[in-house]
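Structure first, then comments.
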Amino acid sequence: MSSFETLKSRNAGEWQAYREHDFVCRLGAGTLPEEAFRHYLKQDYLFLVQFARAWGLAVYKSRDLDEIRQGLDSLKAIVDVEIGLHVGYCAEWGIPENALADLPPSPATLAYTDYVLETGLHGDLLDLHVALAPCIIGYGEIALWLKAQPFLKTDGNPYTAWIEMYASPDYQALVQSEIDWLDGRLARLDDAAVARLCAIFGIATRLEADFWQMGLDLI
Ligand SMILES: Cc1ncc(CO)c(N)n1
């Protein structure tokens with residue numbers, strides 16, 4: 001029987017490269033250049049706006065009211081809470097809101113957001129969730145992974161608030177509900193359908209790793 005674990009284990013190399021990317025390790029060690037983090041934060045604002053659209057698409061791709069409610073809850077959480085927190089967080093890092101609005105997206109941002117939206121547009125609700133899984137579930141796993149690493153710097157690490165946000169019980173509960181939803185859907189599929197979804201998951205995971213790399217390359 002397939003589950004979220006199947007998507008991960010069949011893309012083990014991609015998943016590890018994403019979770020343990022140099023950008024992530026340097027965040028944990030507190031050695032990431034602040035310019036790299038600022039660049040990442042700005043591009044992540046653009047990502048979150050497209051992420052909100054992806055949940056709008058999930059509402060449209062829904063087949064019943066329960067699915068509509070689930071998509072709507074996620075859309076509202078992003079628009080009302082997450083983007084607001086992100087704008088506040090950017091301000092603390094010296095990036096004013098008006099610097100975010102007409103920012104040009106980096107190629108890595110475009111590649112990732114276009115892939116998610118394109119996958120959802122042409123596929124069904126499960127395709128869209130699988131394309132979003134590395135992002136929703138990955139950040140939760142990355143935060144917990146970092147907290148278990150011997151190189152983690154806790155005192156005076158400027159990135160502690162970021163790590164704690166994704167390690168928080170609130171975020172972890174969101175991760176668990178996404179895993180549960182995916183497990184329920186994946187359990188019913190035949191091998192060919194699972195193989196197709198593994199391919200989507202692998203591409204989305206690689207594009208997430210490219211998003212980290214973009215932070216280091218400052219483009
Ligand atoms: C690129 C990216 N992936 C995932 C998340 C988690 O919401 C985020 N904020 N940004």
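We name chains A, B, ... following the order of the structure tokens; residues begin at 1 in each chain, and ligands are numbered from 1 as shown.
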
Query - Contacts with ligand 1 at most 6 Å, only C-alpha atoms and all ligand atoms counted, listed as an MDAnalysis selection string - result: chainID A and resid 44 135:136 139

Could you dump the residues just selected with C-alpha atoms as a PDB file, in the first residue's frame?
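Just written: part.pdb:
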ATOM      1  CA  ASP A  44       9.788  33.692  -0.596  1.00  0.00           C
ATOM      2  CA  CYS A 135       6.968  22.608   0.375  1.00  0.00           C
ATOM      3  CA  ILE A 136       4.377  22.059   3.119  1.00  0.00           C
ATOM      4  CA  TYR A 139       9.801  22.729   5.670  1.00  0.00           C
TER       5      TYR A 139
END

Query raised in the report: Which neighbours of Ile163 in chain A fall inside 10 Å, counting only C-alpha atoms, when residues of the same chain fewer than 6 positions from it are skipped, and could you give them as JSON, numbers by chain?
Result: {"A": [24, 27, 28, 139, 140, 142, 143, 144, 146, 147]}

Report task. Rank nothing, just name the residue among A:Asp73, A:Asp155, A:Glu34, A:Glu208 nearest to Tyr115 in chain A, using only C-alpha atoms. Result ->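 Residue with the minimum atom-to-atom distance to Tyr115 in chain A: A:Glu208.
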
Query raised in the report: Residues of range 52-172 of chain A in helix (DSSP H, G or I) according to DSSP, as a ChimeraX atom specification?
Result: /A:52-60,65-92,98-101,107-122,125-147,160-167,169-172

Query - Proximity to Ala17 in chain A - best of A:Leu132, A:Ala209, A:Leu218, A:Leu75, only C-alpha atoms - result: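 Using only C-alpha atoms, Ala17 in chain A sits closest to A:Ala209.
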
Query - For range 2-11 of chain A: contacts at 9 Å, only C-alpha atoms, fewer than 2 positions along chain excluded, given as a ChimeraX atom specification - result: /A:13-16,130,133,179-180,182-191,194-195,197-199,201-202,205

Restrict the selected residues to C-alpha atoms and save them as a PDB file, in the first residue's frame.
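Writing the result to again38.pdb gives the following:
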ATOM      1  CA  GLY A  13      18.340  11.243  -3.213  1.00  0.00           C
ATOM      2  CA  GLU A  14      16.323  14.324  -4.212  1.00  0.00           C
ATOM      3  CA  TRP A  15      14.729  14.499  -0.771  1.00  0.00           C
ATOM      4  CA  GLN A  16      18.058  14.356   1.039  1.00  0.00           C
ATOM      5  CA  VAL A 130       1.699  16.156  -4.420  1.00  0.00           C
ATOM      6  CA  ALA A 133       3.954  18.385  -0.568  1.00  0.00           C
ATOM      7  CA  ILE A 179       0.549  13.673   5.423  1.00  0.00           C
ATOM      8  CA  ASP A 180      -2.698  12.061   6.646  1.00  0.00           C
ATOM      9  CA  LEU A 182      -1.998  12.173   1.205  1.00  0.00           C
ATOM     10  CA  ASP A 183      -1.790   8.768   2.936  1.00  0.00           C
ATOM     11  CA  GLY A 184      -5.558   8.362   2.560  1.00  0.00           C
ATOM     12  CA  ARG A 185      -5.481   9.174  -1.163  1.00  0.00           C
ATOM     13  CA  LEU A 186      -2.326   7.266  -2.055  1.00  0.00           C
ATOM     14  CA  ALA A 187      -3.508   4.059  -0.362  1.00  0.00           C
ATOM     15  CA  ARG A 188      -6.223   3.652  -3.007  1.00  0.00           C
ATOM     16  CA  LEU A 189      -4.039   3.978  -6.110  1.00  0.00           C
ATOM     17  CA  ASP A 190      -2.529   1.394  -8.423  1.00  0.00           C
ATOM     18  CA  ASP A 191       1.218   1.228  -9.140  1.00  0.00           C
ATOM     19  CA  VAL A 194       1.702   6.086  -7.817  1.00  0.00           C
ATOM     20  CA  ALA A 195       4.662   6.064 -10.217  1.00  0.00           C
ATOM     21  CA  LEU A 197       2.852  10.958  -8.672  1.00  0.00           C
ATOM     22  CA  CYS A 198       6.377   9.970  -7.592  1.00  0.00           C
ATOM     23  CA  ALA A 199       7.663  11.702 -10.711  1.00  0.00           C
ATOM     24  CA  PHE A 201       7.040  14.750  -6.258  1.00  0.00           C
ATOM     25  CA  GLY A 202      10.635  14.275  -7.463  1.00  0.00           C
ATOM     26  CA  THR A 205      11.553  18.413  -4.603  1.00  0.00           C
TER      27      THR A 205
END

Report task. With a distance cut-off of 7 Å and only C-alpha atoms, select the neighbouring residues of range 55-58 of chain A, excluding the residue or stretch itself and same-chain residues fewer than 5 positions from it, and output the selection as a count of residues only. Result -> 4

Requested in this report: Compare A:Ala148, A:Pro105, A:Phe23, A:Leu174 by their minimum atom-to-atom distance to Ala36 in chain A, counting only C-alpha atoms, and give me the closest one.
Outcome: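 Looking only at the distances to Ala36 in chain A, the closest residue turns out to be A:Phe23.
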
Query raised in the report: Which residues, written as a list in words, have at least one atom at most 10 Å from Pro104 in chain A, with only C-alpha atoms counted and residues fewer than 6 positions away on the same chain left out?
Result: Lys42, Gln43, Leu46 and Leu110 of chain A

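Among the candidate residues A:Leu117, A:His21, A:Asp64, A:Pro107, the one lying nearest to Val49 in chain A is A:Leu117, with distances computed using only C-alpha atoms.
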
Query - A:Phe51, A:Ser106, A:Asn98, A:Ile200 ranked by distance to Lys76 in chain A, top pick (using only C-alpha atoms) - result: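 That would be A:Phe51, the residue with the smallest distance to Lys76 in chain A.
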
Query - One-decimal distance in Å that lies between CA of Arg69 in chain A and CA of Glu164 in chain A - result: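 It comes out at 28.1 Å.
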
Report task. Find the residue from A:Pro158, A:Thr113, A:His39, A:Thr31 that sits nearest to Gln213 in chain A; use only C-alpha atoms when measuring. Result -> A:His39
